[in-house]
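Engineer: Before I ask anything, let me first share the structure, which is written out below as structure tokens.
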Amino acid sequence: MSAAFTMTGGEVALDGRPILRGVDLAVKDGEFLVVLGANGSGKSTLVRTLLGLVPLSGGSVLLYGTPPGKFRDWGRIGYVPQRLSVGGGVPATVREVVSSGRIARRRRFRRTAAEDRRAVADALDAVGLADRAGYPVQSLSGGQQQRVLIARALAGEPDAFVMDEPTAGVDADSQRLLAGTLAGLRERGKTVVLVAHELGPLEPLITRAIVLREGRIAYDGAPPAAAEAGAGAGGHVHIHAHAHAHTGVLNGWPDVIGSRSAAAEAGATGEA
Amino acid sequence: MSGILQYDFMVLGLVAAVFVGLAAPVVGTFIVQRRLALLGDGIGHVALTGVALGFLTGTAPLVTAIIVAILGAVAIEMVRARGRTSGDVALALLFYGGIAGGVLLIYLSPGQSNSTLTSYLFGSISTVAERDVWVIGGLAAAVLGVVAIFGRELFVLCQDEEVARASGLPVRFLSLLLAVTAALTVVIAMRVVGLLLVSALMVVPVATSQQIMRSFRGTMILATALGVVATVGGLTTAFYIDVPPGSAIVLIALAGFVLSLLIGRFVRRSRTWESTP
């Protein structure tokens, strides 16, 4: 099985401050990887570096075996940024934004083909926003806007998705809907790399979890629920109990849980 | 209206006004979306040095203005792309340098005076020659052509630069293309509304349109229509009641904006009723 994303000895420094310190990570095709860690642990930087959006100060990154600078097959990648940057406030409809996800798959001067329309309609259906297609994105709630961004990535029909905190600040309904969409991707064998603060309803989908701590991978392995032999229903209480019971084995989990509940109490949603 | 068309200079002026009214809001839609509403102002300031260089060297000011405006736009884009914190100060320095340099060079040019300066700062559409109209028309066609060819890419770029990069778009090329297109637009609009008011034609029709429209495409189309109404309406007004055309054009555009605030409020209220489940 080939690797969608490979990072070898990845180091990133922003303004001289080290963010990633020697990260080795290979994400195989069809994996559903969640990246966990406290605020400022480098989660967002890690996934953006995997896409070549942040320059490395050391080490290397490969996208399907090619460095990002030479990679041409961007149609295979779907990136969902942390939030919608609605710059300047020029309105754009949900359909306009979702359609723009086809950009890597379209040829210049070719009019919108039936295939493009179908992909956009499917993406809107998958996130439950088909009835909002003509609405300005700016008029939607935070959770709905996040779903628009996911639909934009879906519309490009990529093989691998990179999602930066798609659940941050999203209401429970949107989270369940998102979990359903992601379950569909997993069934179709898509690769997913997802940064998360909270797992919530996504937990059963995850095949692998890594925990970042101060720019290093502190844990890499089975997700918490699967790691617990014969795990029944997952959940926060469950992780908590698990973490306390096996702190020595699962380095990093207690930190994650501690920071998560602190963040939840503070009402924080994003990461700097 | 028949009176105005008896004068050749007014016909030429009106043709130029239509080109400007079409091109400026189209580029302006992308610029406003990208939070670069003041880019046009910056390029306009720098372009004054270009105009002055034309006078000083005996070259056509339009040509030197194009060259210097493009250089200025590229410089601004490079500062924007690189800088994280000091970007706006660097831009400000460039603006002041552009104006100060322009004023100085025009003063040094033989046979040029404050009236030359004023005609470029605030526009002088009545002195537009036939050759100028051809140049303006050609540049307007180039600007509209860029948007027709690269519109989809520019939309993605202006929505989110990182997503554009992760979609494999040539982000640096597109950013420079947009900056150069804005520079050309500034030079086109320079004769009609003047360098100090150029940016108004790129920004005000878009600001007006976005009060009412819900889509990006719709905003751009309405902004273009509003741009033409403002330039043609302003020039006609100036002809009949003898006021400076540049300010008449911009004030008409601003009046449209105030009107759109009221209409927008009404439209949104009725939409809220519609969409309430």
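Simple scheme: letters A, B, ... for chains in structure tokens order, numbers from 1 for residues in each chain, numbers from 1 for ligands in the order shown.
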Could you work out which residues of chain B fall inside 6 Å of chain A? Count only C-alpha atoms, and format the result as a list in words.

Structural biologist: Val32, Gln33, Arg34, Arg35, Ser167, Gly168, Gln210, Arg214, Ser215 and Phe216 of chain B

Engineer: Dump N, CA and C atoms for the selected residues as a PDB file, in the first residue's frame?

Structural biologist:
ATOM      1  N   VAL B  32     -11.546  43.973  -3.470  1.00  0.00           N
ATOM      2  CA  VAL B  32     -12.301  44.126  -2.218  1.00  0.00           C
ATOM      3  C   VAL B  32     -12.397  42.779  -1.519  1.00  0.00           C
ATOM      4  N   GLN B  33     -12.656  41.721  -2.282  1.00  0.00           N
ATOM      5  CA  GLN B  33     -12.736  40.382  -1.705  1.00  0.00           C
ATOM      6  C   GLN B  33     -11.428  40.020  -1.001  1.00  0.00           C
ATOM      7  N   ARG B  34     -10.336  40.492  -1.559  1.00  0.00           N
ATOM      8  CA  ARG B  34      -9.016  40.158  -1.016  1.00  0.00           C
ATOM      9  C   ARG B  34      -8.580  41.106   0.082  1.00  0.00           C
ATOM     10  N   ARG B  35      -9.470  41.998   0.512  1.00  0.00           N
ATOM     11  CA  ARG B  35      -9.152  43.001   1.539  1.00  0.00           C
ATOM     12  C   ARG B  35      -8.001  43.894   1.127  1.00  0.00           C
ATOM     13  N   SER B 167      -4.703  23.717  -4.049  1.00  0.00           N
ATOM     14  CA  SER B 167      -5.404  23.263  -5.254  1.00  0.00           C
ATOM     15  C   SER B 167      -4.454  23.270  -6.442  1.00  0.00           C
ATOM     16  N   GLY B 168      -3.181  23.558  -6.187  1.00  0.00           N
ATOM     17  CA  GLY B 168      -2.187  23.541  -7.247  1.00  0.00           C
ATOM     18  C   GLY B 168      -2.193  24.793  -8.107  1.00  0.00           C
ATOM     19  N   GLN B 210     -22.655  44.861  -3.102  1.00  0.00           N
ATOM     20  CA  GLN B 210     -22.669  43.766  -2.140  1.00  0.00           C
ATOM     21  C   GLN B 210     -23.723  43.966  -1.057  1.00  0.00           C
ATOM     22  N   ARG B 214     -26.421  38.517  -3.585  1.00  0.00           N
ATOM     23  CA  ARG B 214     -26.038  37.402  -2.712  1.00  0.00           C
ATOM     24  C   ARG B 214     -24.911  36.572  -3.317  1.00  0.00           C
ATOM     25  N   SER B 215     -24.621  36.712  -4.601  1.00  0.00           N
ATOM     26  CA  SER B 215     -23.564  35.903  -5.207  1.00  0.00           C
ATOM     27  C   SER B 215     -22.409  36.789  -5.643  1.00  0.00           C
ATOM     28  N   PHE B 216     -21.244  36.157  -5.806  1.00  0.00           N
ATOM     29  CA  PHE B 216     -20.049  36.876  -6.241  1.00  0.00           C
ATOM     30  C   PHE B 216     -20.247  37.390  -7.668  1.00  0.00           C
TER      31      PHE B 216
END

Engineer: Return the single residue from B:Leu104, B:Ala189, B:Leu177, B:Ile263 that is closest to Tyr120 in chain B, with distances computed using only C-alpha atoms.

Structural biologist: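 Checking each of B:Leu104, B:Ala189, B:Leu177, B:Ile263 against Tyr120 in chain B, counting only C-alpha atoms, the winner is B:Ala189.
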
Engineer: For the structure I just gave you, how does DSSP split range 82-118 of chain B - specifically, which residues are alpha helix (DSSP H)? Reply as a list in words.

Structural biologist: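 Taking range 82-118 of chain B and keeping alpha helix (DSSP H) gives Arg82, Gly87, Asp88, Val89, Ala90, Leu91, Ala92, Leu93, Leu94, Phe95, Tyr96, Gly97, Gly98, Ile99, Ala100, Gly101, Gly102, Val103, Leu104, Leu105, Ile106, Tyr107, Leu108, Asn114, Ser115, Thr116, Leu117 and Thr118 of chain B.
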
Engineer: Keeping only C-alpha atoms, write the selected residues to a file as a PDB file, in the first residue's frame.

Structural biologist:
ATOM      1  CA  ARG B  82       6.344  38.745   2.281  1.00  0.00           C
ATOM      2  CA  GLY B  87       3.554  45.520   5.424  1.00  0.00           C
ATOM      3  CA  ASP B  88       1.192  48.445   5.791  1.00  0.00           C
ATOM      4  CA  VAL B  89       3.940  50.823   6.873  1.00  0.00           C
ATOM      5  CA  ALA B  90       6.027  49.808   3.863  1.00  0.00           C
ATOM      6  CA  LEU B  91       3.001  50.470   1.647  1.00  0.00           C
ATOM      7  CA  ALA B  92       2.454  53.864   3.239  1.00  0.00           C
ATOM      8  CA  LEU B  93       6.074  54.809   2.555  1.00  0.00           C
ATOM      9  CA  LEU B  94       5.617  53.823  -1.079  1.00  0.00           C
ATOM     10  CA  PHE B  95       2.464  55.966  -1.379  1.00  0.00           C
ATOM     11  CA  TYR B  96       4.092  59.090   0.039  1.00  0.00           C
ATOM     12  CA  GLY B  97       7.171  58.575  -2.103  1.00  0.00           C
ATOM     13  CA  GLY B  98       4.956  58.304  -5.176  1.00  0.00           C
ATOM     14  CA  ILE B  99       3.104  61.561  -4.552  1.00  0.00           C
ATOM     15  CA  ALA B 100       6.134  63.524  -3.393  1.00  0.00           C
ATOM     16  CA  GLY B 101       8.221  62.260  -6.294  1.00  0.00           C
ATOM     17  CA  GLY B 102       5.475  63.105  -8.763  1.00  0.00           C
ATOM     18  CA  VAL B 103       5.007  66.646  -7.472  1.00  0.00           C
ATOM     19  CA  LEU B 104       8.751  67.268  -7.496  1.00  0.00           C
ATOM     20  CA  LEU B 105       9.284  65.902 -11.002  1.00  0.00           C
ATOM     21  CA  ILE B 106       6.371  67.860 -12.459  1.00  0.00           C
ATOM     22  CA  TYR B 107       7.773  71.020 -10.873  1.00  0.00           C
ATOM     23  CA  LEU B 108      11.127  70.288 -12.516  1.00  0.00           C
ATOM     24  CA  ASN B 114       0.141  73.174 -10.989  1.00  0.00           C
ATOM     25  CA  SER B 115      -2.689  72.868 -13.499  1.00  0.00           C
ATOM     26  CA  THR B 116      -0.925  69.881 -15.072  1.00  0.00           C
ATOM     27  CA  LEU B 117      -0.676  68.352 -11.638  1.00  0.00           C
ATOM     28  CA  THR B 118      -4.322  69.047 -10.872  1.00  0.00           C
TER      29      THR B 118
END

Engineer: For Asp164 in chain A, work out the shell of residues within 8 Å, counting only C-alpha atoms and skipping chain neighbours fewer than 5 positions away, then give it as a PyMOL selection string.

Structural biologist: chain A and resi 44+47+80-82+194-196

Engineer: Would you mind exporting C-alpha atoms of the selected residues as a PDB file, in the first residue's frame?

Structural biologist:
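Final output, out_31.pdb:
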ATOM      1  CA  SER A  44      -2.190  22.701  12.419  1.00  0.00           C
ATOM      2  CA  VAL A  47      -0.933  19.156   8.419  1.00  0.00           C
ATOM      3  CA  VAL A  80     -10.331  21.926   4.486  1.00  0.00           C
ATOM      4  CA  PRO A  81      -8.856  24.954   6.288  1.00  0.00           C
ATOM      5  CA  GLN A  82      -9.719  25.783   9.832  1.00  0.00           C
ATOM      6  CA  LEU A 194      -7.916  15.240  10.550  1.00  0.00           C
ATOM      7  CA  VAL A 195      -6.847  17.677  13.234  1.00  0.00           C
ATOM      8  CA  ALA A 196      -9.205  17.571  16.173  1.00  0.00           C
TER       9      ALA A 196
END

Engineer: Find the residues near range 6-19 of chain B: any atom within 10 Å, counting only C-alpha atoms, skip ones fewer than 3 places away on the same chain, and give them as JSON, numbers by chain.

Structural biologist: {"B": [1, 2, 3, 22, 23, 24, 124, 125, 126, 127, 128, 129, 130, 131, 132, 133, 134, 135, 136, 137, 138, 139, 140, 141, 185, 188, 189, 191, 192, 193, 224, 225, 227, 228, 229, 230, 231, 232, 233, 234, 235, 236, 239, 249]}

Engineer: Write the residues you've just listed into a file as a PDB file, in the first residue's frame, and include C-alpha atoms for each of them.

Structural biologist:
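Full text of result-v9.pdb as output:
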ATOM      1  CA  MET B   1     -28.695  64.319 -24.196  1.00  0.00           C
ATOM      2  CA  SER B   2     -28.409  65.298 -27.881  1.00  0.00           C
ATOM      3  CA  GLY B   3     -26.601  68.493 -26.932  1.00  0.00           C
ATOM      4  CA  LEU B  22     -16.787  48.616 -17.035  1.00  0.00           C
ATOM      5  CA  ALA B  23     -13.232  47.746 -16.073  1.00  0.00           C
ATOM      6  CA  ALA B  24     -12.754  49.327 -12.643  1.00  0.00           C
ATOM      7  CA  SER B 124      -9.346  65.928 -17.079  1.00  0.00           C
ATOM      8  CA  ILE B 125     -11.691  63.952 -19.216  1.00  0.00           C
ATOM      9  CA  SER B 126     -12.472  66.882 -21.521  1.00  0.00           C
ATOM     10  CA  THR B 127      -8.868  66.817 -22.776  1.00  0.00           C
ATOM     11  CA  VAL B 128      -8.980  63.137 -23.764  1.00  0.00           C
ATOM     12  CA  ALA B 129      -7.775  62.760 -27.359  1.00  0.00           C
ATOM     13  CA  GLU B 130      -8.854  60.084 -29.799  1.00  0.00           C
ATOM     14  CA  ARG B 131      -5.539  58.296 -29.417  1.00  0.00           C
ATOM     15  CA  ASP B 132      -6.043  58.185 -25.620  1.00  0.00           C
ATOM     16  CA  VAL B 133      -9.440  56.596 -26.103  1.00  0.00           C
ATOM     17  CA  TRP B 134      -7.875  53.833 -28.192  1.00  0.00           C
ATOM     18  CA  VAL B 135      -5.294  53.175 -25.500  1.00  0.00           C
ATOM     19  CA  ILE B 136      -7.944  53.248 -22.773  1.00  0.00           C
ATOM     20  CA  GLY B 137     -10.151  50.885 -24.793  1.00  0.00           C
ATOM     21  CA  GLY B 138      -7.274  48.490 -25.395  1.00  0.00           C
ATOM     22  CA  LEU B 139      -6.322  48.432 -21.726  1.00  0.00           C
ATOM     23  CA  ALA B 140      -9.934  47.923 -20.671  1.00  0.00           C
ATOM     24  CA  ALA B 141     -10.186  44.970 -23.061  1.00  0.00           C
ATOM     25  CA  THR B 185      -7.132  49.873 -14.358  1.00  0.00           C
ATOM     26  CA  ILE B 188      -7.285  53.784 -17.534  1.00  0.00           C
ATOM     27  CA  ALA B 189      -9.261  55.598 -14.866  1.00  0.00           C
ATOM     28  CA  ARG B 191      -7.848  60.560 -17.065  1.00  0.00           C
ATOM     29  CA  VAL B 192     -11.491  60.169 -16.106  1.00  0.00           C
ATOM     30  CA  VAL B 193     -11.582  60.625 -12.318  1.00  0.00           C
ATOM     31  CA  THR B 224     -20.137  46.988 -13.424  1.00  0.00           C
ATOM     32  CA  ALA B 225     -23.558  48.373 -14.296  1.00  0.00           C
ATOM     33  CA  GLY B 227     -19.817  51.815 -12.536  1.00  0.00           C
ATOM     34  CA  VAL B 228     -21.028  52.712 -16.025  1.00  0.00           C
ATOM     35  CA  VAL B 229     -24.032  54.598 -14.635  1.00  0.00           C
ATOM     36  CA  ALA B 230     -21.729  56.607 -12.342  1.00  0.00           C
ATOM     37  CA  THR B 231     -19.118  57.487 -14.987  1.00  0.00           C
ATOM     38  CA  VAL B 232     -21.589  58.346 -17.760  1.00  0.00           C
ATOM     39  CA  GLY B 233     -23.999  60.051 -15.346  1.00  0.00           C
ATOM     40  CA  GLY B 234     -21.226  62.022 -13.682  1.00  0.00           C
ATOM     41  CA  LEU B 235     -19.726  63.199 -16.939  1.00  0.00           C
ATOM     42  CA  THR B 236     -23.132  64.243 -18.297  1.00  0.00           C
ATOM     43  CA  PHE B 239     -21.303  68.938 -18.811  1.00  0.00           C
ATOM     44  CA  ILE B 249     -18.736  60.664 -10.892  1.00  0.00           C
TER      45      ILE B 249
END

Engineer: Write out as a PyMOL selection string all residues of range 16-200 of chain A that backbone DSSP assigns to strand (DSSP E or B).

Structural biologist: chain A and resi 17-28+32-37+58-63+66+77-80+93+136+160-164+191-195

Engineer: Using C-alpha atoms, can you export the residues from the last selection as a PDB file, in the first residue's frame?

Structural biologist:
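Written out: out.pdb:
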ATOM      1  CA  ARG A  17      10.604  29.572  17.187  1.00  0.00           C
ATOM      2  CA  PRO A  18      10.621  25.808  16.594  1.00  0.00           C
ATOM      3  CA  ILE A  19       7.111  24.453  15.944  1.00  0.00           C
ATOM      4  CA  LEU A  20       7.882  20.955  14.673  1.00  0.00           C
ATOM      5  CA  ARG A  21      10.991  19.173  15.931  1.00  0.00           C
ATOM      6  CA  GLY A  22      11.822  16.101  13.933  1.00  0.00           C
ATOM      7  CA  VAL A  23       8.490  14.542  12.967  1.00  0.00           C
ATOM      8  CA  ASP A  24       8.450  11.216  11.145  1.00  0.00           C
ATOM      9  CA  LEU A  25       5.061  10.311   9.796  1.00  0.00           C
ATOM     10  CA  ALA A  26       3.784   8.193   6.936  1.00  0.00           C
ATOM     11  CA  VAL A  27       0.053   8.180   6.207  1.00  0.00           C
ATOM     12  CA  LYS A  28      -0.919   5.185   4.111  1.00  0.00           C
ATOM     13  CA  PHE A  32      -8.148   7.614   8.864  1.00  0.00           C
ATOM     14  CA  LEU A  33      -5.644   9.493  10.980  1.00  0.00           C
ATOM     15  CA  VAL A  34      -6.516  11.932  13.710  1.00  0.00           C
ATOM     16  CA  VAL A  35      -3.927  14.443  14.925  1.00  0.00           C
ATOM     17  CA  LEU A  36      -4.409  15.352  18.574  1.00  0.00           C
ATOM     18  CA  GLY A  37      -2.536  17.614  20.938  1.00  0.00           C
ATOM     19  CA  GLY A  58      14.658  20.612   7.968  1.00  0.00           C
ATOM     20  CA  GLY A  59      13.642  17.180   6.759  1.00  0.00           C
ATOM     21  CA  SER A  60      11.366  16.415   3.823  1.00  0.00           C
ATOM     22  CA  VAL A  61       7.749  15.931   2.831  1.00  0.00           C
ATOM     23  CA  LEU A  62       6.337  13.793   0.039  1.00  0.00           C
ATOM     24  CA  LEU A  63       2.834  13.877  -1.408  1.00  0.00           C
ATOM     25  CA  THR A  66       6.600  13.702  -4.809  1.00  0.00           C
ATOM     26  CA  ILE A  77      -5.884  16.387  -2.472  1.00  0.00           C
ATOM     27  CA  GLY A  78      -8.793  18.042  -0.671  1.00  0.00           C
ATOM     28  CA  TYR A  79      -7.839  20.643   1.930  1.00  0.00           C
ATOM     29  CA  VAL A  80     -10.331  21.926   4.486  1.00  0.00           C
ATOM     30  CA  THR A  93     -23.232  31.740  -2.608  1.00  0.00           C
ATOM     31  CA  PRO A 136     -24.735  33.685   0.644  1.00  0.00           C
ATOM     32  CA  ALA A 160      -6.971  12.275   0.337  1.00  0.00           C
ATOM     33  CA  PHE A 161      -8.511  14.830   2.669  1.00  0.00           C
ATOM     34  CA  VAL A 162      -6.651  17.092   5.049  1.00  0.00           C
ATOM     35  CA  MET A 163      -9.021  18.721   7.521  1.00  0.00           C
ATOM     36  CA  ASP A 164      -7.889  21.287  10.050  1.00  0.00           C
ATOM     37  CA  THR A 191      -7.414   8.795   3.090  1.00  0.00           C
ATOM     38  CA  VAL A 192      -8.274  11.278   5.838  1.00  0.00           C
ATOM     39  CA  VAL A 193      -5.922  13.318   8.010  1.00  0.00           C
ATOM     40  CA  LEU A 194      -7.916  15.240  10.550  1.00  0.00           C
ATOM     41  CA  VAL A 195      -6.847  17.677  13.234  1.00  0.00           C
TER      42      VAL A 195
END

Engineer: In terms of the shortest atom-to-atom distance over only C-alpha atoms, which of B:Val26, B:Ile31, B:Leu62, B:Ser175 is closest to Val187 in chain B?

Structural biologist: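 For Val187 in chain B, the nearest of the given residues is B:Leu62.
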